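Undergrad: Below you'll find query02.txt; it's compact mmCIF, C-alpha atoms.
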# COMPACT_ATOMS: atom_id res chain seq x y z
CA MET Z 1 224.24 302.29 224.73
CA GLN Z 2 221.03 300.49 225.66
CA PHE Z 3 217.71 301.72 224.25
CA LYS Z 4 216.37 303.16 227.51
CA ASP Z 5 219.65 304.88 228.35
CA ALA Z 6 219.73 306.42 224.89
CA ALA Z 7 216.11 307.56 225.27
CA TYR Z 8 216.95 309.14 228.63
CA GLU Z 9 219.84 311.10 227.10
CA ILE Z 10 217.75 312.31 224.16
CA LEU Z 11 214.78 313.34 226.32
CA LYS Z 12 217.07 315.09 228.80
CA GLU Z 13 218.72 317.01 225.99
CA GLU Z 14 215.47 317.94 224.22
CA GLY Z 15 213.56 318.84 227.40
CA LYS Z 16 210.13 317.97 226.00
CA PRO Z 17 208.02 314.91 225.20
CA LEU Z 18 208.94 313.19 221.95
CA HIS Z 19 207.47 310.39 219.87
CA TYR Z 20 209.39 307.15 220.21
CA THR Z 21 210.30 307.22 216.51
CA THR Z 22 211.87 310.66 216.93
CA ILE Z 23 213.74 309.48 220.02
CA THR Z 24 215.10 306.51 218.06
CA ASP Z 25 216.06 308.61 215.03
CA LEU Z 26 217.88 311.23 217.14
CA ALA Z 27 219.71 308.59 219.17
CA MET Z 28 220.88 306.83 216.01
CA GLN Z 29 221.90 310.11 214.35
CA LYS Z 30 223.97 311.08 217.40
CA GLY Z 31 225.58 307.66 217.41
CA ILE Z 32 224.50 306.80 220.96
CA LEU Z 33 222.26 303.95 219.84
CA GLU Z 34 223.59 301.21 217.64
CA THR Z 35 221.42 298.28 216.78
CA SER Z 36 221.51 295.54 214.21
CA GLY Z 37 217.78 294.90 214.57
CA ILE Z 38 215.44 295.64 211.69
CA THR Z 39 212.78 297.32 213.83
CA PRO Z 40 214.56 299.74 216.18
CA HIS Z 41 211.57 302.09 216.35
CA ALA Z 42 209.25 299.29 217.47
CA SER Z 43 211.82 298.13 220.01
CA MET Z 44 212.15 301.62 221.46
CA GLY Z 45 208.38 302.08 221.68
CA ALA Z 46 207.82 298.71 223.35
CA LEU Z 47 210.65 299.18 225.84
CA LEU Z 48 209.52 302.67 226.85
CA TYR Z 49 205.86 301.64 227.09
CA THR Z 50 206.58 298.65 229.33
CA ASP Z 51 209.04 300.69 231.41
CA THR Z 52 206.36 303.29 232.19
CA LEU Z 53 204.34 300.54 233.84
CA ASN Z 54 207.01 300.32 236.57
CA GLU Z 55 206.58 302.66 239.52
CA ASN Z 56 210.28 303.54 239.56
CA SER Z 57 210.50 304.29 235.83
CA ARG Z 58 212.48 307.32 234.67
CA PHE Z 59 209.87 307.86 231.95
CA ARG Z 60 206.23 308.82 231.69
CA ARG Z 61 203.83 308.68 228.78
CA GLY Z 62 203.21 311.97 227.01
CA ASP Z 63 199.87 313.55 226.33
CA GLN Z 64 199.85 312.44 222.71
CA LYS Z 65 199.86 308.84 221.51
CA GLY Z 66 203.34 307.35 221.21
CA THR Z 67 205.10 310.15 223.06
CA PHE Z 68 207.27 309.85 226.14
CA ALA Z 69 208.94 312.28 228.54
CA LEU Z 70 211.12 312.16 231.60
CA LYS Z 71 209.41 312.00 234.96
CA THR Z 72 209.82 315.07 237.05
CA SER Z 73 210.54 314.50 240.70
CA ALA Z 74 207.79 315.59 243.04
CA HIS Z 75 208.99 317.88 245.80
CA THR Z 76 207.96 316.93 249.29
CA GLY Z 77 208.55 318.30 252.74
CA ILE Z 78 210.23 321.68 253.03
CA ASP Z 79 210.77 321.99 249.26
CA GLN Z 80 207.03 321.93 248.75
In structure tokens, write the structure found in this file.
TA:
Amino acid sequence: MQFKDAAYEILKEEGKPLHYTTITDLAMQKGILETSGITPHASMGALLYTDTLNENSRFRRGDQKGTFALKTSAHTGIDQ
């Protein structure tokens, strides 16, 4: 599984913002992220950070440094 897909699964399961190192550790423990790189934590952090710069990102930055969460969809129209 790709880094961002693994992060999405972990954040969806946990339901709260997590530090990118925790996201990486949980994904590797669950076996949904396999990497041969020597810096998987740094890769995860960089990918999530740059992804949050995109308007259509599934992620948002958390309130604390290095943390990320899933974006919640804003309700519009009659749902509002």
Undergrad: So the first atom is atom CA of Pro17 of chain Z and the second is atom CA of Gln64 of chain Z; what is the distance between them in Å, to one decimal place?
TA: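 So the answer is 8.9 Å.
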Undergrad: Point out the residue among Z:Thr72, Z:Leu53, Z:Arg60, Z:Lys4 with the least atom-to-atom distance to Ile23 of chain Z, counting all atoms listed in the file.
TA: Z:Lys4
Undergrad: Please measure the separation of atom CA of Asp63 of chain Z and atom CA of Glu13 of chain Z, giving the value in Å to one decimal.
TA: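 It comes out at 19.2 Å.
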Undergrad: Go ahead and find all residues with at least one atom no further than 12 Å from (219.5, 313.4, 225.7) in the file's coordinates, using only C-alpha atoms; report them as a ChimeraX atom specification.
TA: /Z:3-18,22-24,26-28,30-33,69-70
Undergrad: Atom CA of His19 of chain Z to atom CA of Gly66 of chain Z: how many Å, to one decimal?
TA: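 Atom CA of His19 of chain Z sits 5.3 Å away from atom CA of Gly66 of chain Z.
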Undergrad: So which residues are close to (206.8, 306.3, 226.3), meaning at most 8 Å away in the file's coordinates with all atoms listed in the file counted, and can you show them as a PDB file with C-alpha atoms, keeping the file's coordinate frame?
TA:
ATOM      1  CA  HIS Z  19     207.470 310.390 219.870  1.00  0.00           C
ATOM      2  CA  TYR Z  20     209.390 307.150 220.210  1.00  0.00           C
ATOM      3  CA  GLY Z  45     208.380 302.080 221.680  1.00  0.00           C
ATOM      4  CA  LEU Z  48     209.520 302.670 226.850  1.00  0.00           C
ATOM      5  CA  TYR Z  49     205.860 301.640 227.090  1.00  0.00           C
ATOM      6  CA  ASP Z  51     209.040 300.690 231.410  1.00  0.00           C
ATOM      7  CA  THR Z  52     206.360 303.290 232.190  1.00  0.00           C
ATOM      8  CA  PHE Z  59     209.870 307.860 231.950  1.00  0.00           C
ATOM      9  CA  ARG Z  60     206.230 308.820 231.690  1.00  0.00           C
ATOM     10  CA  ARG Z  61     203.830 308.680 228.780  1.00  0.00           C
ATOM     11  CA  GLY Z  62     203.210 311.970 227.010  1.00  0.00           C
ATOM     12  CA  GLY Z  66     203.340 307.350 221.210  1.00  0.00           C
ATOM     13  CA  THR Z  67     205.100 310.150 223.060  1.00  0.00           C
ATOM     14  CA  PHE Z  68     207.270 309.850 226.140  1.00  0.00           C
ATOM     15  CA  ALA Z  69     208.940 312.280 228.540  1.00  0.00           C
TER      16      ALA Z  69
END
Undergrad: Extract segment 4-19 of chain Z from the preceding block and save all heavy atoms as an mmCIF file, in the first residue's frame.
TA:
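For reference, selection-v6.cif as written:
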data_model
loop_
_atom_site.group_PDB
_atom_site.id
_atom_site.type_symbol
_atom_site.label_atom_id
_atom_site.label_comp_id
_atom_site.auth_asym_id
_atom_site.auth_seq_id
_atom_site.Cartn_x
_atom_site.Cartn_y
_atom_site.Cartn_z
ATOM 1 N N LYS Z 4 0.372 7.363 1.493
ATOM 2 C CA LYS Z 4 -0.820 8.161 1.787
ATOM 3 C C LYS Z 4 -2.053 7.290 1.992
ATOM 4 O O LYS Z 4 -2.900 7.610 2.830
ATOM 5 C CB LYS Z 4 -1.057 9.206 0.702
ATOM 6 C CG LYS Z 4 -0.010 10.316 0.720
ATOM 7 C CD LYS Z 4 -0.342 11.454 -0.203
ATOM 8 C CE LYS Z 4 -0.134 11.074 -1.639
ATOM 9 N NZ LYS Z 4 -0.319 12.208 -2.559
ATOM 10 N N ASP Z 5 -2.157 6.197 1.266
ATOM 11 C CA ASP Z 5 -3.285 5.284 1.459
ATOM 12 C C ASP Z 5 -3.203 4.626 2.834
ATOM 13 O O ASP Z 5 -4.212 4.465 3.518
ATOM 14 C CB ASP Z 5 -3.317 4.222 0.361
ATOM 15 C CG ASP Z 5 -3.643 4.806 -1.000
ATOM 16 O OD1 ASP Z 5 -4.323 5.852 -1.068
ATOM 17 O OD2 ASP Z 5 -3.203 4.222 -2.013
ATOM 18 N N ALA Z 6 -2.006 4.259 3.234
ATOM 19 C CA ALA Z 6 -1.813 3.665 4.555
ATOM 20 C C ALA Z 6 -2.153 4.684 5.649
ATOM 21 O O ALA Z 6 -2.812 4.347 6.637
ATOM 22 C CB ALA Z 6 -0.377 3.175 4.709
ATOM 23 N N ALA Z 7 -1.720 5.923 5.461
ATOM 24 C CA ALA Z 7 -2.025 6.976 6.437
ATOM 25 C C ALA Z 7 -3.534 7.189 6.543
ATOM 26 O O ALA Z 7 -4.070 7.350 7.643
ATOM 27 C CB ALA Z 7 -1.336 8.282 6.035
ATOM 28 N N TYR Z 8 -4.216 7.170 5.413
ATOM 29 C CA TYR Z 8 -5.671 7.334 5.415
ATOM 30 C C TYR Z 8 -6.331 6.226 6.241
ATOM 31 O O TYR Z 8 -7.205 6.495 7.069
ATOM 32 C CB TYR Z 8 -6.213 7.338 3.984
ATOM 33 C CG TYR Z 8 -7.705 7.498 3.923
ATOM 34 C CD1 TYR Z 8 -8.274 8.758 4.003
ATOM 35 C CD2 TYR Z 8 -8.537 6.391 3.815
ATOM 36 C CE1 TYR Z 8 -9.657 8.911 3.970
ATOM 37 C CE2 TYR Z 8 -9.909 6.529 3.779
ATOM 38 C CZ TYR Z 8 -10.462 7.796 3.865
ATOM 39 O OH TYR Z 8 -11.830 7.942 3.849
ATOM 40 N N GLU Z 9 -5.913 4.995 6.020
ATOM 41 C CA GLU Z 9 -6.493 3.856 6.750
ATOM 42 C C GLU Z 9 -6.246 3.970 8.250
ATOM 43 O O GLU Z 9 -7.148 3.729 9.053
ATOM 44 C CB GLU Z 9 -5.943 2.533 6.221
ATOM 45 C CG GLU Z 9 -6.386 2.200 4.818
ATOM 46 C CD GLU Z 9 -7.897 2.073 4.674
ATOM 47 O OE1 GLU Z 9 -8.538 1.484 5.572
ATOM 48 O OE2 GLU Z 9 -8.437 2.572 3.672
ATOM 49 N N ILE Z 10 -5.034 4.333 8.631
ATOM 50 C CA ILE Z 10 -4.699 4.466 10.052
ATOM 51 C C ILE Z 10 -5.494 5.599 10.692
ATOM 52 O O ILE Z 10 -6.077 5.435 11.769
ATOM 53 C CB ILE Z 10 -3.180 4.700 10.245
ATOM 54 C CG1 ILE Z 10 -2.391 3.463 9.799
ATOM 55 C CG2 ILE Z 10 -2.848 5.089 11.685
ATOM 56 C CD1 ILE Z 10 -2.677 2.192 10.587
ATOM 57 N N LEU Z 11 -5.546 6.757 10.043
ATOM 58 C CA LEU Z 11 -6.269 7.898 10.612
ATOM 59 C C LEU Z 11 -7.767 7.626 10.685
ATOM 60 O O LEU Z 11 -8.434 8.040 11.637
ATOM 61 C CB LEU Z 11 -5.982 9.166 9.801
ATOM 62 C CG LEU Z 11 -4.563 9.711 9.973
ATOM 63 C CD1 LEU Z 11 -4.289 10.813 8.949
ATOM 64 C CD2 LEU Z 11 -4.357 10.229 11.391
ATOM 65 N N LYS Z 12 -8.300 6.918 9.702
ATOM 66 C CA LYS Z 12 -9.718 6.564 9.711
ATOM 67 C C LYS Z 12 -10.007 5.633 10.887
ATOM 68 O O LYS Z 12 -10.998 5.809 11.603
ATOM 69 C CB LYS Z 12 -10.100 5.912 8.389
ATOM 70 C CG LYS Z 12 -11.583 5.648 8.231
ATOM 71 C CD LYS Z 12 -11.891 5.249 6.808
ATOM 72 C CE LYS Z 12 -11.865 3.746 6.709
ATOM 73 N NZ LYS Z 12 -12.356 3.242 5.423
ATOM 74 N N GLU Z 13 -9.134 4.687 11.099
ATOM 75 C CA GLU Z 13 -9.308 3.722 12.180
ATOM 76 C C GLU Z 13 -9.169 4.370 13.556
ATOM 77 O O GLU Z 13 -9.935 4.083 14.467
ATOM 78 C CB GLU Z 13 -8.275 2.612 12.022
ATOM 79 C CG GLU Z 13 -8.444 1.461 12.977
ATOM 80 C CD GLU Z 13 -7.444 0.357 12.704
ATOM 81 O OE1 GLU Z 13 -7.530 -0.263 11.617
ATOM 82 O OE2 GLU Z 13 -6.576 0.131 13.567
ATOM 83 N N GLU Z 14 -8.183 5.252 13.703
ATOM 84 C CA GLU Z 14 -7.918 5.881 15.002
ATOM 85 C C GLU Z 14 -8.914 6.996 15.329
ATOM 86 O O GLU Z 14 -9.201 7.243 16.490
ATOM 87 C CB GLU Z 14 -6.489 6.415 15.062
ATOM 88 C CG GLU Z 14 -5.430 5.328 15.024
ATOM 89 C CD GLU Z 14 -5.448 4.429 16.247
ATOM 90 O OE1 GLU Z 14 -5.617 4.938 17.375
ATOM 91 O OE2 GLU Z 14 -5.304 3.203 16.068
ATOM 92 N N GLY Z 15 -9.365 7.714 14.312
ATOM 93 C CA GLY Z 15 -10.371 8.756 14.522
ATOM 94 C C GLY Z 15 -9.886 10.011 15.224
ATOM 95 O O GLY Z 15 -10.681 10.766 15.770
ATOM 96 N N LYS Z 16 -8.587 10.235 15.222
ATOM 97 C CA LYS Z 16 -8.034 11.437 15.857
ATOM 98 C C LYS Z 16 -6.718 11.790 15.182
ATOM 99 O O LYS Z 16 -6.118 10.947 14.520
ATOM 100 C CB LYS Z 16 -7.809 11.194 17.347
ATOM 101 C CG LYS Z 16 -6.811 10.088 17.636
ATOM 102 C CD LYS Z 16 -6.668 9.831 19.119
ATOM 103 C CE LYS Z 16 -5.668 8.699 19.349
ATOM 104 N NZ LYS Z 16 -5.537 8.364 20.753
ATOM 105 N N PRO Z 17 -6.260 13.042 15.341
ATOM 106 C CA PRO Z 17 -4.976 13.424 14.752
ATOM 107 C C PRO Z 17 -3.832 12.615 15.371
ATOM 108 O O PRO Z 17 -3.844 12.307 16.566
ATOM 109 C CB PRO Z 17 -4.836 14.902 15.108
ATOM 110 C CG PRO Z 17 -6.219 15.362 15.398
ATOM 111 C CD PRO Z 17 -6.934 14.179 15.965
ATOM 112 N N LEU Z 18 -2.881 12.263 14.543
ATOM 113 C CA LEU Z 18 -1.715 11.515 15.005
ATOM 114 C C LEU Z 18 -0.444 12.112 14.410
ATOM 115 O O LEU Z 18 -0.477 12.689 13.317
ATOM 116 C CB LEU Z 18 -1.798 10.053 14.564
ATOM 117 C CG LEU Z 18 -2.918 9.194 15.143
ATOM 118 C CD1 LEU Z 18 -2.937 7.830 14.453
ATOM 119 C CD2 LEU Z 18 -2.756 9.029 16.635
ATOM 120 N N HIS Z 19 0.658 11.955 15.117
ATOM 121 C CA HIS Z 19 1.956 12.391 14.603
ATOM 122 C C HIS Z 19 2.354 11.448 13.466
ATOM 123 O O HIS Z 19 2.035 10.250 13.498
ATOM 124 C CB HIS Z 19 2.996 12.346 15.724
ATOM 125 C CG HIS Z 19 4.239 13.087 15.389
ATOM 126 N ND1 HIS Z 19 5.292 12.499 14.710
ATOM 127 C CD2 HIS Z 19 4.604 14.372 15.608
ATOM 128 C CE1 HIS Z 19 6.255 13.382 14.548
ATOM 129 N NE2 HIS Z 19 5.864 14.536 15.091
#
